[in-house]
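Working notes, beginning with the structure itself.
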Amino acid sequence: QSRQLTSLVVLAMRSAKSGFTPKLTFSELGEDILISELESRKGFYVDVGAHHPFRFSVTARLSEAGWEGACFDVVSEMPEIILRYRPRAFAARQLIGEEGVVDFFRFEEELMNTASPEFLETITAGGFGQPVTESLPRVPLHQALLNLGIAPRRIDFINIDVEGSDFEVLSTHDFDQFPLDIILIELLPVDHSGSLLEPVPPKSWEKAAKFLEQRDYVLTHFLHRSALFVSPNARRSR
């Protein structure tokens with residue numbers, strides 16, 4: 001055991017010296033590794049569908065690196081638990097999308113919560129049980145940011161993970177007030193042609209991809225069911 005410990009220490013010291021060190025991921029499938037280079041600078045993030053400050057979080061590493069940000073979700077522990085562990089964050093229990101009051105489907109596993117009737121069928125078919133339905137207000141992202149007292153500004157990075165309503169978050173957002181530099185969006189199947197763990201059928205992410213491409217965003221990475229889009233302005237300024 002002593003030799004094994006010595007060997008591990010030597011390897012750790014070698015990695016630290018060379019810079020080739022393993023990266024800790026808080027996200028479900030390593031999505032935060034895609035944006036790990038952002039941790040070397042300060043910025044402002046937005047997390048729509050934040051869920052938790054650490055569990056399956058894409059923005060936890062940015063927060064640990066000193067970034068400021070805003071988190072939105074409607075899980076029972078929001079926003080208190082976010083504010084407890086992220087002193088530089090704003091947080092609100094808020095649905096994001098087209099303004100109005102909508103049915104919201106809440107599951108025991110709150111990762112599966114959704115406002116999308118189409119995605120609801122996929123979740124229940126996947127064996128997650130039956131949800132509790134409630135009516136909740138929903139506002140566009142730019143309005144939610146203004147409601148938190150955040151003045152119009154550039155958003156360096158945004159993570160969108162809202163179980164079937166991701167495109168709606170983008171399509172109702174005011175890009176002039178709050179330009180988005182780097183977008184990570186989860187693109188899930190919305191029918192029974194694939195399970196939650198299978199690659200995403202092109203038809204289910206085509207609308208979001210076309211919307212962003214029309215705004216000159218470039219798809220730079222695709223990891224399992226998450227796509228990373230970068231604006232031309234972000235590429236020029238880095």
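Each chain in the structure tokens gets a letter, A, B, ..., in the order shown, and its residues are numbered from 1; ligands are numbered from 1 in order too.
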Give me, as an mmCIF file with N, CA and C atoms, in the first residue's frame, all polymer residues having an atom no more than 8 Å from range 46-53 of chain A, counting only C-alpha atoms and skipping those fewer than 6 positions away in the same chain.
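Below you can see result_4.cif, which holds the result:
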data_model
loop_
_atom_site.group_PDB
_atom_site.id
_atom_site.type_symbol
_atom_site.label_atom_id
_atom_site.label_comp_id
_atom_site.auth_asym_id
_atom_site.auth_seq_id
_atom_site.Cartn_x
_atom_site.Cartn_y
_atom_site.Cartn_z
ATOM 1 N N THR A 59 -22.540 24.478 -14.690
ATOM 2 C CA THR A 59 -21.936 25.761 -14.325
ATOM 3 C C THR A 59 -21.214 25.747 -12.988
ATOM 4 N N ALA A 60 -21.167 24.613 -12.287
ATOM 5 C CA ALA A 60 -20.514 24.562 -10.972
ATOM 6 C C ALA A 60 -19.040 24.946 -11.059
ATOM 7 N N GLY A 69 -23.138 34.829 -11.932
ATOM 8 C CA GLY A 69 -24.130 34.216 -12.784
ATOM 9 C C GLY A 69 -25.546 34.356 -12.267
ATOM 10 N N ALA A 70 -26.477 33.825 -13.064
ATOM 11 C CA ALA A 70 -27.897 33.813 -12.703
ATOM 12 C C ALA A 70 -28.446 32.426 -12.984
ATOM 13 N N CYS A 71 -29.178 31.872 -12.019
ATOM 14 C CA CYS A 71 -29.711 30.516 -12.119
ATOM 15 C C CYS A 71 -31.235 30.551 -12.027
ATOM 16 N N PHE A 72 -31.880 29.772 -12.889
ATOM 17 C CA PHE A 72 -33.342 29.681 -12.890
ATOM 18 C C PHE A 72 -33.766 28.220 -12.853
ATOM 19 N N ASP A 73 -34.734 27.919 -12.014
ATOM 20 C CA ASP A 73 -35.334 26.588 -11.953
ATOM 21 C C ASP A 73 -36.566 26.691 -11.067
ATOM 22 N N VAL A 74 -37.343 25.612 -11.009
ATOM 23 C CA VAL A 74 -38.510 25.600 -10.121
ATOM 24 C C VAL A 74 -38.466 24.401 -9.185
ATOM 25 N N VAL A 75 -37.305 23.786 -8.996
ATOM 26 C CA VAL A 75 -37.194 22.695 -8.034
ATOM 27 C C VAL A 75 -37.403 23.252 -6.631
ATOM 28 N N MET A 78 -34.799 25.638 -4.849
ATOM 29 C CA MET A 78 -34.367 26.870 -5.468
ATOM 30 C C MET A 78 -35.145 28.046 -4.887
ATOM 31 N N ILE A 81 -30.795 27.139 -2.053
ATOM 32 C CA ILE A 81 -29.589 26.305 -2.050
ATOM 33 C C ILE A 81 -28.533 26.857 -3.006
ATOM 34 N N ILE A 82 -28.963 27.485 -4.101
ATOM 35 C CA ILE A 82 -27.998 28.105 -5.014
ATOM 36 C C ILE A 82 -27.281 29.244 -4.307
ATOM 37 N N TYR A 85 -24.519 28.263 -1.737
ATOM 38 C CA TYR A 85 -23.228 27.768 -2.201
ATOM 39 C C TYR A 85 -22.597 28.631 -3.288
ATOM 40 N N ARG A 86 -23.339 29.596 -3.817
ATOM 41 C CA ARG A 86 -22.803 30.458 -4.874
ATOM 42 C C ARG A 86 -22.996 31.922 -4.483
ATOM 43 N N ILE A 96 -38.888 29.629 -17.659
ATOM 44 C CA ILE A 96 -38.427 30.512 -18.728
ATOM 45 C C ILE A 96 -39.007 30.054 -20.059
ATOM 46 N N GLU A 110 -36.596 15.304 -9.860
ATOM 47 C CA GLU A 110 -36.857 16.640 -10.377
ATOM 48 C C GLU A 110 -36.050 16.977 -11.622
ATOM 49 N N LEU A 111 -35.067 16.161 -11.960
ATOM 50 C CA LEU A 111 -34.373 16.348 -13.233
ATOM 51 C C LEU A 111 -35.326 16.196 -14.415
ATOM 52 N N ILE A 155 -23.904 38.056 -22.091
ATOM 53 C CA ILE A 155 -23.827 36.809 -21.340
ATOM 54 C C ILE A 155 -22.706 35.974 -21.953
ATOM 55 N N PHE A 157 -21.656 32.916 -21.162
ATOM 56 C CA PHE A 157 -22.013 31.505 -21.360
ATOM 57 C C PHE A 157 -23.403 31.254 -20.803
ATOM 58 N N ILE A 158 -24.200 30.476 -21.551
ATOM 59 C CA ILE A 158 -25.516 30.082 -21.063
ATOM 60 C C ILE A 158 -25.711 28.585 -21.251
ATOM 61 N N ASN A 159 -26.208 27.942 -20.213
ATOM 62 C CA ASN A 159 -26.592 26.533 -20.278
ATOM 63 C C ASN A 159 -28.118 26.460 -20.241
ATOM 64 N N ILE A 160 -28.694 25.738 -21.191
ATOM 65 C CA ILE A 160 -30.152 25.592 -21.260
ATOM 66 C C ILE A 160 -30.491 24.113 -21.209
ATOM 67 N N ASP A 161 -31.198 23.716 -20.155
ATOM 68 C CA ASP A 161 -31.546 22.306 -19.953
ATOM 69 C C ASP A 161 -32.913 22.257 -19.283
ATOM 70 N N VAL A 162 -33.973 22.341 -20.104
ATOM 71 C CA VAL A 162 -35.323 22.447 -19.558
ATOM 72 C C VAL A 162 -36.263 21.394 -20.143
#
Q.
Neighbouring residues of Phe229 in chain A were defined as those with any atom within 7 Å, considering only C-alpha atoms; residues of the same chain fewer than 3 positions away were excluded. Please report them as a PyMOL selection string.
A. chain A and resi 182-184+217-220
Q: Name the closest residue to Ser116 in chain A among the candidates A:Asn233, A:Thr172, A:Ser165, A:Gln130; distances are taken between atoms, counting only C-alpha atoms.
A: A:Ser165
Alpha helix (DSSP H) positions in range 27-172 of chain A, given as an mmCIF file with C-alpha atoms, in the first residue's frame:
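result.cif, written as the output of this step:
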data_model
loop_
_atom_site.group_PDB
_atom_site.id
_atom_site.type_symbol
_atom_site.label_atom_id
_atom_site.label_comp_id
_atom_site.auth_asym_id
_atom_site.auth_seq_id
_atom_site.Cartn_x
_atom_site.Cartn_y
_atom_site.Cartn_z
ATOM 1 C CA ALA A 60 -20.514 24.562 -10.972
ATOM 2 C CA ARG A 61 -16.928 24.753 -12.207
ATOM 3 C CA LEU A 62 -17.443 28.273 -13.552
ATOM 4 C CA SER A 63 -18.833 29.325 -10.182
ATOM 5 C CA GLU A 64 -15.864 27.767 -8.392
ATOM 6 C CA GLU A 80 -32.053 29.136 -1.433
ATOM 7 C CA ILE A 81 -29.589 26.305 -2.050
ATOM 8 C CA ILE A 82 -27.998 28.105 -5.014
ATOM 9 C CA LEU A 83 -27.447 31.262 -2.991
ATOM 10 C CA ARG A 84 -26.033 29.242 -0.104
ATOM 11 C CA TYR A 85 -23.228 27.768 -2.201
ATOM 12 C CA PRO A 117 -46.571 18.048 -23.084
ATOM 13 C CA GLU A 118 -44.664 16.304 -25.900
ATOM 14 C CA PHE A 119 -41.674 15.585 -23.709
ATOM 15 C CA LEU A 120 -43.997 14.463 -20.909
ATOM 16 C CA GLU A 121 -44.952 11.438 -23.008
ATOM 17 C CA THR A 122 -41.287 10.493 -23.399
ATOM 18 C CA ILE A 123 -40.651 10.763 -19.658
ATOM 19 C CA THR A 124 -43.652 8.707 -18.579
ATOM 20 C CA ALA A 125 -42.853 6.114 -21.235
ATOM 21 C CA LEU A 141 -35.258 34.948 -20.291
ATOM 22 C CA HIS A 142 -34.496 38.640 -20.779
ATOM 23 C CA GLN A 143 -37.478 39.576 -18.590
ATOM 24 C CA ALA A 144 -36.400 37.134 -15.872
ATOM 25 C CA LEU A 145 -32.926 38.702 -15.852
ATOM 26 C CA LEU A 146 -34.380 42.202 -15.619
ATOM 27 C CA ASN A 147 -36.663 41.052 -12.778
ATOM 28 C CA ASP A 166 -35.079 24.495 -24.817
ATOM 29 C CA PHE A 167 -35.899 25.978 -28.219
ATOM 30 C CA GLU A 168 -38.634 28.098 -26.672
ATOM 31 C CA VAL A 169 -36.117 29.628 -24.252
ATOM 32 C CA LEU A 170 -34.005 30.732 -27.217
ATOM 33 C CA SER A 171 -36.806 31.829 -29.535
#
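Between Arg106 in chain A and the candidates A:Phe128, A:His221, A:Lys207, A:Glu68, the tightest atom-to-atom separation, counting only C-alpha atoms, involves A:Phe128.
Counting only C-alpha atoms and comparing A:Glu134, A:Gly127, A:Ser226, A:Leu180, the residue that lies closest to Val58 in chain A is A:Ser226.
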**Q.** A:Arg55, A:Gly100, A:Ile35, A:Ala65 ranked by distance to Val230 in chain A, top pick (using only C-alpha atoms)
**A.** A:Ile35
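One distance worth recording is that between CA of Ser36 in chain A and CA of Leu24 in chain A, which is 10.1 Å.
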Q. DSSP on the backbone: what in range 2-237 of chain A comes out strand (DSSP E or B), as JSON, numbers by chain?
A. {"A": [44, 45, 46, 47, 48, 68, 69, 70, 71, 72, 73, 89, 90, 91, 92, 93, 95, 96, 100, 101, 102, 103, 104, 105, 106, 114, 132, 133, 134, 135, 136, 137, 138, 139, 155, 156, 157, 158, 159, 160, 180, 181, 182, 183, 184, 185, 186, 218, 219, 220, 221, 222, 223, 226, 227, 228, 229, 230]}
